[in-house]
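Coordinates as given in run-v2.cif (mmCIF, C-alpha atoms, pLDDT in the B column; chains and numbers go by the auth columns):
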data_data
loop_
_atom_site.group_PDB
_atom_site.id
_atom_site.type_symbol
_atom_site.label_atom_id
_atom_site.label_comp_id
_atom_site.label_asym_id
_atom_site.label_seq_id
_atom_site.Cartn_x
_atom_site.Cartn_y
_atom_site.Cartn_z
_atom_site.B_iso_or_equiv
_atom_site.auth_seq_id
_atom_site.auth_asym_id
ATOM 1 C CA MET A 1 9.433 -80.311 -1.222 43.00 1 A
ATOM 2 C CA GLU A 2 5.848 -80.807 -0.053 42.00 2 A
ATOM 3 C CA LYS A 3 7.071 -82.208 3.259 39.00 3 A
ATOM 4 C CA GLU A 4 9.350 -79.215 3.804 40.00 4 A
ATOM 5 C CA LYS A 5 6.442 -76.882 3.039 41.00 5 A
ATOM 6 C CA ARG A 6 4.233 -78.582 5.622 41.00 6 A
ATOM 7 C CA ASN A 7 7.006 -78.353 8.237 43.00 7 A
ATOM 8 C CA ASN A 8 7.417 -74.638 7.592 42.00 8 A
ATOM 9 C CA GLN A 9 3.666 -74.127 7.957 41.00 9 A
ATOM 10 C CA MET A 10 3.668 -75.989 11.280 40.00 10 A
ATOM 11 C CA SER A 11 6.607 -73.963 12.613 41.00 11 A
ATOM 12 C CA THR A 12 4.804 -70.702 11.891 37.00 12 A
ATOM 13 C CA GLN A 13 1.609 -71.755 13.616 43.00 13 A
ATOM 14 C CA GLU A 14 1.129 -70.595 17.195 50.00 14 A
ATOM 15 C CA VAL A 15 1.757 -73.318 19.750 58.00 15 A
ATOM 16 C CA GLU A 16 -1.414 -74.239 21.655 79.00 16 A
ATOM 17 C CA LYS A 17 -1.339 -72.879 25.193 85.00 17 A
ATOM 18 C CA GLN A 18 -3.300 -74.497 28.001 91.00 18 A
ATOM 19 C CA GLU A 19 -4.331 -72.960 31.305 92.00 19 A
ATOM 20 C CA PHE A 20 -3.821 -74.619 34.696 92.00 20 A
ATOM 21 C CA LYS A 21 -5.061 -73.551 38.122 89.00 21 A
ATOM 22 C CA GLY A 22 -3.705 -74.193 41.596 89.00 22 A
ATOM 23 C CA ARG A 23 -3.562 -72.813 45.108 85.00 23 A
ATOM 24 C CA SER A 24 0.095 -71.935 44.483 86.00 24 A
ATOM 25 C CA LEU A 25 2.520 -71.717 41.575 86.00 25 A
ATOM 26 C CA GLU A 26 3.920 -75.107 42.551 88.00 26 A
ATOM 27 C CA ASP A 27 0.436 -76.691 42.415 90.00 27 A
ATOM 28 C CA ALA A 28 -0.245 -75.177 38.994 90.00 28 A
ATOM 29 C CA LEU A 29 3.120 -76.320 37.627 91.00 29 A
ATOM 30 C CA SER A 30 2.612 -79.837 39.005 92.00 30 A
ATOM 31 C CA LEU A 31 -0.784 -80.026 37.289 93.00 31 A
ATOM 32 C CA ALA A 32 0.769 -78.828 34.024 92.00 32 A
ATOM 33 C CA GLU A 33 3.462 -81.513 34.298 91.00 33 A
ATOM 34 C CA HIS A 34 0.763 -84.176 34.786 91.00 34 A
ATOM 35 C CA VAL A 35 -1.444 -83.030 31.892 92.00 35 A
ATOM 36 C CA LEU A 36 1.351 -82.252 29.439 89.00 36 A
ATOM 37 C CA LYS A 37 3.215 -85.412 30.502 89.00 37 A
ATOM 38 C CA MET A 38 6.583 -83.668 30.652 87.00 38 A
ATOM 39 C CA PRO A 39 8.806 -82.068 33.333 86.00 39 A
ATOM 40 C CA ARG A 40 8.573 -78.307 33.778 81.00 40 A
ATOM 41 C CA GLU A 41 12.011 -77.863 32.198 74.00 41 A
ATOM 42 C CA LYS A 42 10.411 -78.952 28.918 78.00 42 A
ATOM 43 C CA PHE A 43 7.675 -76.301 28.778 82.00 43 A
ATOM 44 C CA ASN A 44 7.329 -72.524 28.951 80.00 44 A
ATOM 45 C CA TYR A 45 4.782 -70.896 31.237 84.00 45 A
ATOM 46 C CA GLU A 46 3.424 -67.489 32.131 84.00 46 A
ATOM 47 C CA ILE A 47 1.303 -66.359 35.061 83.00 47 A
ATOM 48 C CA VAL A 48 -2.127 -65.297 33.843 83.00 48 A
ATOM 49 C CA THR A 49 -3.624 -64.187 37.144 75.00 49 A
ATOM 50 C CA GLU A 50 -3.104 -64.488 40.861 63.00 50 A
ATOM 51 C CA LYS A 51 -5.986 -63.603 43.126 59.00 51 A
ATOM 52 C CA THR A 52 -7.737 -64.314 46.399 53.00 52 A
ATOM 53 C CA LYS A 53 -11.238 -65.799 46.237 50.00 53 A
ATOM 54 C CA LEU A 54 -13.817 -65.416 48.972 47.00 54 A
ATOM 55 C CA PHE A 55 -15.866 -68.510 49.840 47.00 55 A
ATOM 56 C CA GLY A 56 -16.444 -67.962 53.500 44.00 56 A
ATOM 57 C CA LEU A 57 -12.684 -68.290 53.894 45.00 57 A
ATOM 58 C CA LYS A 58 -9.960 -66.701 51.821 51.00 58 A
ATOM 59 C CA ASN A 59 -8.550 -69.094 49.214 62.00 59 A
ATOM 60 C CA LYS A 60 -5.679 -68.135 46.972 70.00 60 A
ATOM 61 C CA GLU A 61 -5.769 -69.176 43.326 82.00 61 A
ATOM 62 C CA ILE A 62 -3.118 -68.844 40.648 88.00 62 A
ATOM 63 C CA VAL A 63 -3.646 -69.450 36.932 90.00 63 A
ATOM 64 C CA ILE A 64 -0.777 -70.144 34.538 90.00 64 A
ATOM 65 C CA ARG A 65 -0.645 -70.681 30.789 89.00 65 A
ATOM 66 C CA ALA A 66 1.818 -73.395 29.674 90.00 66 A
ATOM 67 C CA TRP A 67 3.035 -74.771 26.341 84.00 67 A
ATOM 68 C CA PRO A 68 5.835 -77.148 25.239 84.00 68 A
ATOM 69 C CA LYS A 69 9.185 -75.698 24.296 73.00 69 A
ATOM 70 C CA SER A 70 10.206 -76.047 20.691 66.00 70 A
ATOM 71 C CA ASP A 71 13.328 -77.952 19.707 59.00 71 A
ATOM 72 C CA GLU A 72 14.938 -74.654 18.793 59.00 72 A
ATOM 73 C CA GLU A 73 14.438 -73.275 22.295 55.00 73 A
ATOM 74 C CA GLU A 74 15.582 -76.470 23.971 57.00 74 A
ATOM 75 C CA ASN A 75 18.769 -76.692 21.897 79.00 75 A
ATOM 76 C CA ALA A 76 19.569 -72.986 21.626 84.00 76 A
ATOM 77 C CA VAL A 77 22.698 -73.182 23.784 90.00 77 A
ATOM 78 C CA SER A 78 23.992 -76.373 22.182 88.00 78 A
ATOM 79 C CA ASN A 79 23.391 -75.130 18.631 88.00 79 A
ATOM 80 C CA PHE A 80 25.110 -71.815 19.279 91.00 80 A
ATOM 81 C CA LEU A 81 28.211 -73.474 20.742 91.00 81 A
ATOM 82 C CA LYS A 82 28.416 -75.966 17.857 88.00 82 A
ATOM 83 C CA ASN A 83 28.287 -73.142 15.323 89.00 83 A
ATOM 84 C CA LEU A 84 30.777 -71.102 17.360 89.00 84 A
ATOM 85 C CA ARG A 85 33.344 -73.898 17.133 85.00 85 A
ATOM 86 C CA LYS A 86 33.012 -73.906 13.334 86.00 86 A
ATOM 87 C CA VAL A 87 33.872 -70.218 12.950 88.00 87 A
ATOM 88 C CA PHE A 88 36.017 -69.656 16.045 85.00 88 A
ATOM 89 C CA PRO A 89 39.576 -70.988 15.479 84.00 89 A
ATOM 90 C CA LEU A 90 40.158 -72.148 19.062 86.00 90 A
ATOM 91 C CA ASP A 91 40.673 -75.615 20.497 91.00 91 A
ATOM 92 C CA LEU A 92 37.874 -75.678 23.048 91.00 92 A
ATOM 93 C CA ARG A 93 35.676 -78.392 24.511 91.00 93 A
ATOM 94 C CA TYR A 94 32.604 -77.917 26.657 91.00 94 A
ATOM 95 C CA GLN A 95 30.058 -79.753 28.781 91.00 95 A
ATOM 96 C CA ILE A 96 26.442 -78.677 29.148 89.00 96 A
ATOM 97 C CA LYS A 97 24.708 -79.537 32.409 85.00 97 A
ATOM 98 C CA LYS A 98 21.150 -78.717 33.475 79.00 98 A
ATOM 99 C CA LYS A 99 19.948 -78.257 37.036 77.00 99 A
ATOM 100 C CA ASP A 100 16.520 -76.894 37.938 69.00 100 A
ATOM 101 C CA GLN A 101 16.008 -73.758 35.812 71.00 101 A
ATOM 102 C CA LEU A 102 19.721 -73.225 35.136 83.00 102 A
ATOM 103 C CA VAL A 103 22.062 -74.337 32.352 88.00 103 A
ATOM 104 C CA TYR A 104 25.776 -74.689 33.129 91.00 104 A
ATOM 105 C CA VAL A 105 28.443 -74.630 30.396 94.00 105 A
ATOM 106 C CA ILE A 106 31.910 -75.778 31.496 94.00 106 A
ATOM 107 C CA PHE A 107 34.763 -75.038 29.062 95.00 107 A
ATOM 108 C CA ASP A 108 38.022 -76.967 28.693 93.00 108 A
ATOM 109 C CA GLY A 109 40.605 -77.558 25.966 92.00 109 A
ATOM 110 C CA GLU A 110 44.053 -76.422 24.852 92.00 110 A
ATOM 111 C CA ASP A 111 42.968 -72.795 24.295 93.00 111 A
ATOM 112 C CA ARG A 112 40.928 -72.391 27.480 93.00 112 A
ATOM 113 C CA LYS A 113 43.404 -69.832 28.863 93.00 113 A
ATOM 114 C CA LEU A 114 42.306 -67.399 26.140 93.00 114 A
ATOM 115 C CA LEU A 115 38.805 -67.393 27.634 94.00 115 A
ATOM 116 C CA LEU A 116 40.266 -66.164 30.920 94.00 116 A
ATOM 117 C CA LYS A 117 42.460 -63.353 29.567 92.00 117 A
ATOM 118 C CA ASN A 118 41.570 -59.772 30.528 90.00 118 A
ATOM 119 C CA ASP A 119 39.699 -60.947 33.607 87.00 119 A
ATOM 120 C CA GLY A 120 37.583 -63.469 31.732 91.00 120 A
ATOM 121 C CA ALA A 121 36.320 -60.964 29.148 90.00 121 A
ATOM 122 C CA LEU A 122 35.730 -63.545 26.415 93.00 122 A
ATOM 123 C CA LEU A 123 34.173 -66.076 28.802 94.00 123 A
ATOM 124 C CA LEU A 124 31.720 -63.491 30.131 90.00 124 A
ATOM 125 C CA ALA A 125 30.947 -62.261 26.620 91.00 125 A
ATOM 126 C CA ILE A 126 29.929 -65.803 25.617 93.00 126 A
ATOM 127 C CA GLN A 127 27.770 -66.044 28.735 92.00 127 A
ATOM 128 C CA HIS A 128 26.072 -62.738 27.871 89.00 128 A
ATOM 129 C CA ILE A 129 25.225 -63.942 24.357 92.00 129 A
ATOM 130 C CA LEU A 130 23.940 -67.307 25.591 92.00 130 A
ATOM 131 C CA ASN A 131 21.599 -65.588 28.034 89.00 131 A
ATOM 132 C CA LYS A 132 20.219 -63.500 25.177 88.00 132 A
ATOM 133 C CA ILE A 133 19.247 -66.564 23.123 87.00 133 A
ATOM 134 C CA SER A 134 18.267 -68.984 25.897 85.00 134 A
ATOM 135 C CA GLN A 135 14.879 -69.251 27.602 77.00 135 A
ATOM 136 C CA VAL A 136 16.599 -70.207 30.868 80.00 136 A
ATOM 137 C CA LYS A 137 19.531 -68.621 32.691 85.00 137 A
ATOM 138 C CA VAL A 138 22.980 -69.748 31.551 91.00 138 A
ATOM 139 C CA GLN A 139 26.195 -69.738 33.601 92.00 139 A
ATOM 140 C CA VAL A 140 29.568 -70.436 32.009 94.00 140 A
ATOM 141 C CA ASP A 141 32.776 -71.415 33.783 95.00 141 A
ATOM 142 C CA CYS A 142 36.354 -72.455 33.113 96.00 142 A
ATOM 143 C CA GLU A 143 38.966 -73.539 35.665 94.00 143 A
ATOM 144 C CA PHE A 144 36.725 -72.352 38.537 94.00 144 A
ATOM 145 C CA PHE A 145 36.823 -68.792 37.207 94.00 145 A
ATOM 146 C CA ARG A 146 33.473 -67.916 38.791 90.00 146 A
ATOM 147 C CA ARG A 147 34.499 -69.057 42.269 92.00 147 A
ATOM 148 C CA ARG A 148 37.754 -67.098 42.165 93.00 148 A
ATOM 149 C CA LYS A 149 36.074 -64.039 40.652 91.00 149 A
ATOM 150 C CA GLU A 150 33.299 -63.972 43.253 93.00 150 A
ATOM 151 C CA LYS A 151 35.789 -64.320 46.114 94.00 151 A
ATOM 152 C CA LYS A 152 37.919 -61.457 44.780 94.00 152 A
ATOM 153 C CA LEU A 153 34.940 -59.137 44.264 94.00 153 A
ATOM 154 C CA LYS A 154 33.435 -59.907 47.676 95.00 154 A
ATOM 155 C CA GLU A 155 36.745 -59.138 49.375 96.00 155 A
ATOM 156 C CA LEU A 156 37.025 -55.838 47.494 95.00 156 A
ATOM 157 C CA ALA A 157 33.409 -54.900 48.247 95.00 157 A
ATOM 158 C CA LEU A 158 33.732 -55.608 51.976 95.00 158 A
ATOM 159 C CA GLN A 159 37.052 -53.770 52.167 96.00 159 A
ATOM 160 C CA LEU A 160 35.511 -50.654 50.640 96.00 160 A
ATOM 161 C CA ALA A 161 32.357 -51.063 52.752 95.00 161 A
ATOM 162 C CA GLN A 162 34.484 -50.981 55.902 95.00 162 A
ATOM 163 C CA LYS A 163 36.198 -47.817 54.639 95.00 163 A
ATOM 164 C CA VAL A 164 32.824 -46.141 54.024 95.00 164 A
ATOM 165 C CA GLN A 165 31.651 -47.086 57.525 92.00 165 A
ATOM 166 C CA GLU A 166 34.773 -45.626 59.101 93.00 166 A
ATOM 167 C CA THR A 167 35.027 -42.402 57.090 94.00 167 A
ATOM 168 C CA GLY A 168 31.406 -41.782 56.113 92.00 168 A
ATOM 169 C CA GLN A 169 32.611 -40.945 52.614 94.00 169 A
ATOM 170 C CA GLU A 170 31.094 -42.777 49.640 95.00 170 A
ATOM 171 C CA GLU A 171 33.195 -44.950 47.320 95.00 171 A
ATOM 172 C CA ILE A 172 32.781 -45.324 43.542 95.00 172 A
ATOM 173 C CA LEU A 173 33.904 -48.569 41.895 94.00 173 A
ATOM 174 C CA ASP A 174 35.103 -48.814 38.293 92.00 174 A
ATOM 175 C CA LEU A 175 32.890 -50.002 35.422 92.00 175 A
ATOM 176 C CA MET A 176 31.493 -53.514 35.889 91.00 176 A
ATOM 177 C CA ASN A 177 29.248 -55.871 33.950 86.00 177 A
ATOM 178 C CA PRO A 178 25.886 -57.046 35.432 86.00 178 A
ATOM 179 C CA TYR A 179 27.376 -60.282 36.809 84.00 179 A
ATOM 180 C CA GLU A 180 30.117 -58.400 38.691 90.00 180 A
ATOM 181 C CA ARG A 181 27.757 -55.688 39.931 92.00 181 A
ATOM 182 C CA ARG A 182 25.352 -58.176 41.455 91.00 182 A
ATOM 183 C CA ILE A 183 28.130 -59.776 43.525 93.00 183 A
ATOM 184 C CA VAL A 184 29.116 -56.363 44.913 95.00 184 A
ATOM 185 C CA HIS A 185 25.498 -55.302 45.555 94.00 185 A
ATOM 186 C CA ILE A 186 24.765 -58.460 47.569 93.00 186 A
ATOM 187 C CA ALA A 187 28.014 -58.287 49.590 94.00 187 A
ATOM 188 C CA VAL A 188 27.681 -54.612 50.566 94.00 188 A
ATOM 189 C CA ASN A 189 23.955 -54.731 51.357 92.00 189 A
ATOM 190 C CA GLN A 190 24.621 -57.369 53.999 90.00 190 A
ATOM 191 C CA VAL A 191 26.552 -54.704 55.942 92.00 191 A
ATOM 192 C CA PRO A 192 24.229 -52.753 58.303 91.00 192 A
ATOM 193 C CA GLY A 193 23.838 -49.094 57.436 91.00 193 A
ATOM 194 C CA LEU A 194 25.288 -49.330 53.928 94.00 194 A
ATOM 195 C CA THR A 195 23.787 -49.706 50.480 92.00 195 A
ATOM 196 C CA THR A 196 24.736 -49.440 46.808 93.00 196 A
ATOM 197 C CA GLU A 197 23.461 -48.139 43.506 93.00 197 A
ATOM 198 C CA SER A 198 24.528 -48.528 39.893 93.00 198 A
ATOM 199 C CA ILE A 199 25.592 -45.380 38.063 93.00 199 A
ATOM 200 C CA GLY A 200 25.433 -44.932 34.307 90.00 200 A
ATOM 201 C CA ASP A 201 23.655 -46.405 31.306 86.00 201 A
ATOM 202 C CA GLY A 202 24.383 -49.390 29.140 85.00 202 A
ATOM 203 C CA PHE A 203 25.952 -52.766 29.789 83.00 203 A
ATOM 204 C CA LEU A 204 28.849 -51.496 31.930 88.00 204 A
ATOM 205 C CA LYS A 205 28.108 -49.333 34.971 93.00 205 A
ATOM 206 C CA LYS A 206 29.901 -48.028 38.047 94.00 206 A
ATOM 207 C CA ILE A 207 28.774 -48.825 41.602 95.00 207 A
ATOM 208 C CA ARG A 208 28.374 -46.292 44.394 95.00 208 A
ATOM 209 C CA ILE A 209 28.737 -47.504 47.999 96.00 209 A
ATOM 210 C CA TYR A 210 27.290 -45.116 50.586 95.00 210 A
ATOM 211 C CA LYS A 211 25.701 -44.849 54.018 93.00 211 A
ATOM 212 C CA VAL A 212 21.935 -45.026 54.486 86.00 212 A
ATOM 213 C CA GLU A 213 20.420 -42.393 56.735 77.00 213 A
ATOM 214 C CA ALA A 214 18.888 -43.727 59.938 68.00 214 A
ATOM 215 C CA GLY A 215 15.260 -44.704 59.444 57.00 215 A
ATOM 216 C CA ARG A 216 15.493 -44.818 55.656 60.00 216 A
ATOM 217 C CA GLN A 217 14.855 -48.087 53.834 57.00 217 A
ATOM 218 C CA LYS A 218 17.536 -49.526 51.563 58.00 218 A
ATOM 219 C CA PRO A 219 16.666 -49.358 47.846 59.00 219 A
ATOM 220 C CA PRO A 220 15.974 -52.696 46.074 59.00 220 A
ATOM 221 C CA LEU A 221 18.957 -54.509 44.550 59.00 221 A
ATOM 222 C CA GLU A 222 19.582 -54.248 40.819 63.00 222 A
ATOM 223 C CA SER A 223 18.094 -57.280 39.068 54.00 223 A
#

Write the structure described by the file as structure tokens, please.
Amino acid sequence: MEKEKRNNQMSTQEVEKQEFKGRSLEDALSLAEHVLKMPREKFNYEIVTEKTKLFGLKNKEIVIRAWPKSDEEENAVSNFLKNLRKVFPLDLRYQIKKKDQLVYVIFDGEDRKLLLKNDGALLLAIQHILNKISQVKVQVDCEFFRRRKEKKLKELALQLAQKVQETGQEEILDLMNPYERRIVHIAVNQVPGLTTESIGDGFLKKIRIYKVEAGRQKPPLES
């Protein structure tokens, strides 16, 4: 009981944050890795300041604040999926892979086809939840769904972009989630003279494809 009490007290205490300086973000992160004795995937960081100093010559300096990730943060994706299998009556298996600042979850199993029904609605819903609880970006996939989905959306976007170029009339696409919208935004904005914007509020939005007047700058892409 006493041990559990001490653990609870430790978990509620603020994690000590240390500051690190460098001429670039990479230099500051490398210093943090050396001092904390852990790879950058194992700690959180925030940029405190970024400025230019004058010492005869201009020298750039960036200051970050870094602190180790807790076990809860590190295992957020794994813990969620384990609990999901307990309450979700589907025969699913998964692999979790990490690369740089990205976590990949690859699904398999007898019931994997259910994840792909209705254009991958359940698969994308799981991805949305995982990104809400994870400190790093999460991508989920099953039977190369992402590759096929991206190809289909790019083809549609370029087909409509060509139509807008020829007719000069804007095109409005049906409601899409953020993942789908970003694919369309990137594809269309590579076409000279055309741009896009998201229309609506909430998770699902429509996309407008239209011509940009000569001399006007394209608006920034939706993040």

Residues returned when the PyMOL selection byres ((chain A and resi 128) around 12) runs on this file, as number ranges by chain: A: 77, 121-127, 129-134, 137-140, 177-179, 203

Top pick for closest residue to Tyr94 in chain A, considering A:Val184, A:Leu81, A:Val164, A:Ala66 and counting all atoms listed in the file: A:Leu81

Atom-to-atom span, CA of Leu153 in chain A and CA of Lys211 in chain A, Å: 19.6 Å

Answer key for the PyMOL selection byres ((chain A and resi 24) around 8), residues as a list in words: Gly22, Arg23, Leu25, Glu26, Asp27, Ala28, Lys60, Glu61 and Ile62 of chain A

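Distance check against Phe20 in chain A using all atoms listed in the file: of A:Glu46, A:Asp108, A:Glu171, A:Glu180, the minimum falls on A:Glu46.
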
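Going from CA of Lys154 in chain A to CA of Arg208 in chain A covers 14.9 Å.
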
Picked residues, the PyMOL selection byres ((chain A and resi 92) around 10), as a PyMOL selection string: chain A and resi 85+88-91+93-94+107-115

Surrounding residues of Ile207 in chain A excluding itself and chain neighbours under 3 positions, 8 Å, only C-alpha atoms, as a VMD selection string: chain A and resid 172 to 176 181 196 to 199

Selection as a ChimeraX atom specification: residues within 8 Å of (26.6, -77.0, 33.0), counting only C-alpha atoms: /A:95-99,103-106,139-140

Shell of 8 Å around Phe43 in chain A, all atoms listed in the file, local chain residues under 5 positions omitted, as a PyMOL selection string: chain A and resi 38+66-69

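Going from CA of Cys142 in chain A over to CA of Ser78 in chain A, you cover 17.0 Å.
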
Nearby residues (only C-alpha atoms) at most 12 Å from Asn44 in chain A, same-chain spacing under 2 positions excluded, as a ChimeraX atom specification: /A:15-19,29,32-33,36,38-42,46-47,64-70,73-74,101,134-136
